[in-house]
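Dropping model-v1.pdb in here (PDB, C-alpha atoms and all ligand atoms):
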ATOM      1  CA  MET J   1      60.791  94.375  52.755
ATOM      2  CA  VAL J   2      57.655  92.586  54.008
ATOM      3  CA  LYS J   3      56.047  92.883  50.531
ATOM      4  CA  ALA J   4      59.166  91.625  48.743
ATOM      5  CA  THR J   5      59.449  88.396  50.752
ATOM      6  CA  PRO J   6      56.687  86.359  49.016
ATOM      7  CA  PHE J   7      57.969  87.493  45.633
ATOM      8  CA  LEU J   8      61.517  86.420  46.471
ATOM      9  CA  LEU J   9      60.233  83.093  47.754
ATOM     10  CA  VAL J  10      58.378  82.424  44.485
ATOM     11  CA  LEU J  11      61.446  83.468  42.509
ATOM     12  CA  LEU J  12      63.723  81.190  44.525
ATOM     13  CA  LEU J  13      61.302  78.266  44.155
ATOM     14  CA  ALA J  14      61.093  78.827  40.404
ATOM     15  CA  LEU J  15      64.874  79.008  40.100
ATOM     16  CA  GLY J  16      65.260  75.943  42.327
ATOM     17  CA  ALA J  17      62.777  73.867  40.349
ATOM     18  CA  HIS J  18      64.375  74.979  37.101
ATOM     19  CA  SER J  19      67.918  74.105  38.142
ATOM     20  CA  LEU J  20      66.660  70.723  39.451
ATOM     21  CA  SER J  21      65.062  69.791  36.122
ATOM     22  CA  VAL J  22      68.208  70.860  34.271
ATOM     23  CA  LYS J  23      70.595  69.103  36.654
ATOM     24  CA  LYS J  24      69.062  65.610  36.513
ATOM     25  CA  LYS J  25      70.974  63.541  33.970
ATOM     26  CA  CYS J  26      69.814  60.261  32.521
ATOM     27  CA  SER J  27      72.127  57.507  33.764
ATOM     28  CA  LEU J  28      72.222  54.070  32.168
ATOM     29  CA  VAL J  29      73.633  52.375  35.269
ATOM     30  CA  GLY J  30      71.129  50.219  37.141
ATOM     31  CA  ARG J  31      68.282  47.772  36.522
ATOM     32  CA  TRP J  32      65.730  48.299  33.752
ATOM     33  CA  VAL J  33      62.526  46.562  32.677
ATOM     34  CA  ASN J  34      60.887  46.925  29.258
ATOM     35  CA  ASP J  35      57.343  46.694  27.861
ATOM     36  CA  LEU J  36      57.757  42.926  27.305
ATOM     37  CA  GLY J  37      58.934  42.274  30.881
ATOM     38  CA  SER J  38      62.575  41.719  29.916
ATOM     39  CA  ASN J  39      65.136  42.866  32.485
ATOM     40  CA  MET J  40      68.545  44.319  31.909
ATOM     41  CA  THR J  41      71.254  45.373  34.326
ATOM     42  CA  ILE J  42      73.977  47.836  33.355
ATOM     43  CA  THR J  43      76.769  47.524  35.873
ATOM     44  CA  THR J  44      79.478  49.937  34.708
ATOM     45  CA  VAL J  45      79.979  52.877  32.358
ATOM     46  CA  ASN J  46      83.659  53.866  32.066
ATOM     47  CA  GLY J  47      85.119  57.306  31.320
ATOM     48  CA  ASN J  48      84.993  56.674  27.573
ATOM     49  CA  GLY J  49      81.302  55.698  27.740
ATOM     50  CA  VAL J  50      81.950  51.981  27.249
ATOM     51  CA  PHE J  51      79.486  49.931  29.289
ATOM     52  CA  ALA J  52      78.671  46.319  30.118
ATOM     53  CA  GLY J  53      75.898  44.374  31.771
ATOM     54  CA  SER J  54      73.488  41.517  31.388
ATOM     55  CA  TYR J  55      70.122  40.929  29.730
ATOM     56  CA  HIS J  56      67.343  38.588  30.891
ATOM     57  CA  THR J  57      64.821  38.394  28.068
ATOM     58  CA  ALA J  58      61.172  37.510  28.693
ATOM     59  CA  VAL J  59      60.681  36.478  25.042
ATOM     60  CA  THR J  60      62.605  34.386  22.535
ATOM     61  CA  ALA J  61      62.361  33.495  18.860
ATOM     62  CA  THR J  62      63.792  30.044  19.645
ATOM     63  CA  SER J  63      62.510  27.070  21.627
ATOM     64  CA  LYS J  64      65.672  27.041  23.783
ATOM     65  CA  GLU J  65      65.600  27.706  27.531
ATOM     66  CA  ILE J  66      66.209  31.417  28.235
ATOM     67  CA  LYS J  67      69.467  32.243  30.042
ATOM     68  CA  LEU J  68      71.084  35.442  31.256
ATOM     69  CA  SER J  69      73.142  36.925  28.388
ATOM     70  CA  PRO J  70      75.983  39.459  28.368
ATOM     71  CA  LEU J  71      75.691  42.890  26.771
ATOM     72  CA  GLN J  72      78.320  45.446  25.769
ATOM     73  CA  GLY J  73      77.766  48.977  24.524
ATOM     74  CA  SER J  74      78.820  52.563  24.006
ATOM     75  CA  LEU J  75      77.314  55.757  25.328
ATOM     76  CA  GLN J  76      77.717  59.057  23.477
ATOM     77  CA  LYS J  77      79.688  61.288  25.859
ATOM     78  CA  SER J  78      79.626  64.471  23.761
ATOM     79  CA  PRO J  79      78.515  67.592  25.753
ATOM     80  CA  ASN J  80      75.786  68.219  23.146
ATOM     81  CA  GLN J  81      73.881  65.268  24.639
ATOM     82  CA  LYS J  82      72.582  67.608  27.414
ATOM     83  CA  GLY J  83      72.098  64.819  29.964
ATOM     84  CA  GLN J  84      69.964  62.720  27.595
ATOM     85  CA  PRO J  85      72.583  60.589  25.872
ATOM     86  CA  THR J  86      72.290  58.322  22.847
ATOM     87  CA  PHE J  87      73.728  54.823  23.096
ATOM     88  CA  GLY J  88      74.058  51.451  21.403
ATOM     89  CA  PHE J  89      74.673  47.949  22.718
ATOM     90  CA  THR J  90      74.938  44.356  21.564
ATOM     91  CA  VAL J  91      73.395  41.372  23.350
ATOM     92  CA  ASN J  92      75.241  38.117  22.725
ATOM     93  CA  TRP J  93      72.517  35.538  23.414
ATOM     94  CA  SER J  94      74.105  32.792  25.507
ATOM     95  CA  PHE J  95      71.357  30.233  24.720
ATOM     96  CA  SER J  96      71.057  30.632  20.934
ATOM     97  CA  ASP J  97      72.996  31.440  17.741
ATOM     98  CA  SER J  98      71.413  34.893  17.534
ATOM     99  CA  ILE J  99      72.697  38.367  18.218
ATOM    100  CA  THR J 100      70.764  41.600  18.861
ATOM    101  CA  VAL J 101      71.878  45.216  18.507
ATOM    102  CA  PHE J 102      69.962  47.992  20.272
ATOM    103  CA  THR J 103      70.207  51.724  19.641
ATOM    104  CA  GLY J 104      68.433  54.362  21.665
ATOM    105  CA  GLN J 105      68.339  57.450  23.822
ATOM    106  CA  CYS J 106      68.038  57.942  27.571
ATOM    107  CA  PHE J 107      65.336  60.557  28.361
ATOM    108  CA  VAL J 108      64.393  62.291  31.648
ATOM    109  CA  ASP J 109      60.930  63.881  32.033
ATOM    110  CA  GLU J 110      59.964  66.933  34.189
ATOM    111  CA  ASN J 111      59.502  64.652  37.211
ATOM    112  CA  GLY J 112      62.963  63.142  36.848
ATOM    113  CA  LYS J 113      61.605  59.813  35.554
ATOM    114  CA  GLU J 114      64.032  58.141  33.166
ATOM    115  CA  GLU J 115      63.045  56.204  30.048
ATOM    116  CA  LEU J 116      65.111  54.414  27.428
ATOM    117  CA  ARG J 117      63.561  54.591  23.947
ATOM    118  CA  THR J 118      65.167  51.929  21.789
ATOM    119  CA  MET J 119      64.995  50.128  18.473
ATOM    120  CA  TRP J 120      66.613  46.748  17.855
ATOM    121  CA  LEU J 121      67.651  44.370  15.109
ATOM    122  CA  LEU J 122      67.736  40.648  15.928
ATOM    123  CA  ARG J 123      69.887  38.530  13.654
ATOM    124  CA  SER J 124      69.138  34.804  13.671
ATOM    125  CA  HIS J 125      71.527  32.245  12.230
ATOM    126  CA  VAL J 126      70.482  30.635   8.941
ATOM    127  CA  ASP J 127      72.247  27.709   7.276
ATOM    128  CA  ARG J 128      72.079  28.967   3.689
ATOM    129  CA  ILE J 129      72.507  32.358   2.018
ATOM    130  CA  LYS J 130      69.159  31.637   0.328
ATOM    131  CA  ASP J 131      67.524  32.173   3.731
ATOM    132  CA  ASP J 132      69.291  35.461   4.438
ATOM    133  CA  TRP J 133      66.168  37.474   3.551
ATOM    134  CA  LYS J 134      64.292  36.191   6.617
ATOM    135  CA  ALA J 135      67.121  36.278   9.157
ATOM    136  CA  THR J 136      66.623  39.757  10.632
ATOM    137  CA  ARG J 137      63.796  41.017  12.825
ATOM    138  CA  VAL J 138      63.244  44.632  13.908
ATOM    139  CA  GLY J 139      61.396  46.076  16.871
ATOM    140  CA  ILE J 140      60.913  48.822  19.435
ATOM    141  CA  ASN J 141      61.330  48.603  23.219
ATOM    142  CA  VAL J 142      60.775  51.154  25.994
ATOM    143  CA  PHE J 143      62.670  50.598  29.254
ATOM    144  CA  THR J 144      61.936  52.142  32.656
ATOM    145  CA  ARG J 145      64.027  51.921  35.793
ATOM    146  CA  LEU J 146      63.218  48.830  37.871
ATOM    147  CA  GLN J 147      62.489  49.881  41.458
ATOM    148  CA  SER J 148      64.177  47.495  43.843
ATOM    149  CA  GLN J 149      61.874  45.633  46.217
ATOM    150  CA  GLU J 150      64.289  45.960  49.158
TER     151      GLU J 150
HETATM  152  C1  LIG A   1      62.442  40.833  35.982
HETATM  153  O1  LIG A   1      62.564  41.292  37.318
HETATM  154  C2  LIG A   1      61.382  41.152  38.080
HETATM  155  C3  LIG A   1      61.600  41.802  39.440
HETATM  156  O2  LIG A   1      62.818  41.365  40.018
HETATM  157  C4  LIG A   1      61.019  39.667  38.181
HETATM  158  O3  LIG A   1      59.815  39.506  38.882
HETATM  159  C5  LIG A   1      60.874  39.091  36.760
HETATM  160  O4  LIG A   1      60.654  37.706  36.841
HETATM  161  C6  LIG A   1      62.118  39.359  35.939
HETATM  162  N1  LIG A   1      61.898  38.907  34.568
HETATM  163  C7  LIG A   1      62.865  38.369  33.833
HETATM  164  C8  LIG A   1      62.473  37.967  32.440
HETATM  165  O5  LIG A   1      64.008  38.236  34.260
HETATM  166  C1  LIG A   2      79.038  35.211  23.373
HETATM  167  O1  LIG A   2      78.267  34.055  23.657
HETATM  168  C2  LIG A   2      78.946  32.850  23.390
HETATM  169  C3  LIG A   2      77.946  31.721  23.650
HETATM  170  O2  LIG A   2      77.442  31.779  24.957
HETATM  171  C4  LIG A   2      80.193  32.748  24.262
HETATM  172  O3  LIG A   2      80.909  31.568  23.937
HETATM  173  C5  LIG A   2      81.078  33.980  24.017
HETATM  174  O4  LIG A   2      82.184  33.959  24.914
HETATM  175  C6  LIG A   2      80.284  35.254  24.232
HETATM  176  N1  LIG A   2      81.101  36.407  23.888
HETATM  177  C7  LIG A   2      81.094  37.533  24.613
HETATM  178  C8  LIG A   2      81.968  38.637  24.115
HETATM  179  O5  LIG A   2      80.397  37.677  25.597
END
Encoded form using structure tokens:
Amino acid sequence: MVKATPFLLVLLLALGAHSLSVKKKCSLVGRWVNDLGSNMTITTVNGNGVFAGSYHTAVTATSKEIKLSPLQGSLQKSPNQKGQPTFGFTVNWSFSDSITVFTGQCFVDENGKEELRTMWLLRSHVDRIKDDWKATRVGINVFTRLQSQE
């Protein structure tokens, strides 16, 4: 009995830590900041995985003044996602003629830290079909959860 106690304790701790790391699911809801300093807020994800929010970019391909822009997306809700879902969203830039689509996955590490690994395509408006070849940019962004200052 006395000898078994430390063993049981270790076992319980191991089981506890394991179930914790399995339980934590990556949630898109909240405020995020990426490697360029752009901020995005995802306000709601409904039962079908449809979500909405806003995007405040730190960079722009135009000379226009940056403004908060709406985003709309879909989250994969299939059980095979194992708490690390794939998603896609569109940002409708409110200060330019451009549109950006993001696709990515929400990851959680052993410490419960969430990270969004994304790739994007930015489509700029061009006046002539001749210029179509140069109208799309591609890139990578990594988002981490923005800790609130309050
Ligand atoms: C992002 O949020 C941080 C913290 O609230 C703020 O300091 C920064 O200016 C914001 N950047 C943009 C591009 O909105
Ligand atoms: C997209 O942005 C344009 C320009 O700001 C705006 O007129 C339009 O209502 C927006 N559409 C959506 C779905 O947010």
Practice problem: Go through the chains and note each residue within 9 Å of ligand LIG 2 (chain A), using all atoms listed in the file, then give the set as a count of residues only. | Solution: 12
Q.
What would the selection look like, as JSON, numbers by chain, if the PyMOL selection byres (((not hetatm)) within 12 of (chain A and resi 1)) were run on the coordinates I just shared?
A. {"J": [31, 32, 33, 34, 35, 36, 37, 38, 39, 40, 41, 54, 55, 56, 57, 58, 59, 60, 65, 66, 67, 68, 69, 143, 144, 145, 146, 147, 148, 149, 150]}
- request: Using the chain letters and numbering of this document, enumerate as a PyMOL selection string the residues selected by the PyMOL selection byres (((chain J and resi 100-107) around 10) and not hetatm).
  value: chain J and resi 25-28+71-76+81+83-93+98-99+108-109+112-124+136-144
Evaluated on this file, the PyMOL selection byres (((chain J and resi 45) around 10) and not hetatm) picks out some residues - which ones are they, written as a ChimeraX atom specification? /J:27-29,42-44,46-53,73-75
Around all the atoms of segment 78-89 of chain J listed in the file, draw an axis-aligned box and extend it by 3 Å on each of the six sides; I want its centre and edge lengths in Å to one decimal, as JSON.
{"center_x": 74.8, "center_y": 58.1, "center_z": 25.7, "size_x": 15.7, "size_y": 26.3, "size_z": 14.6}
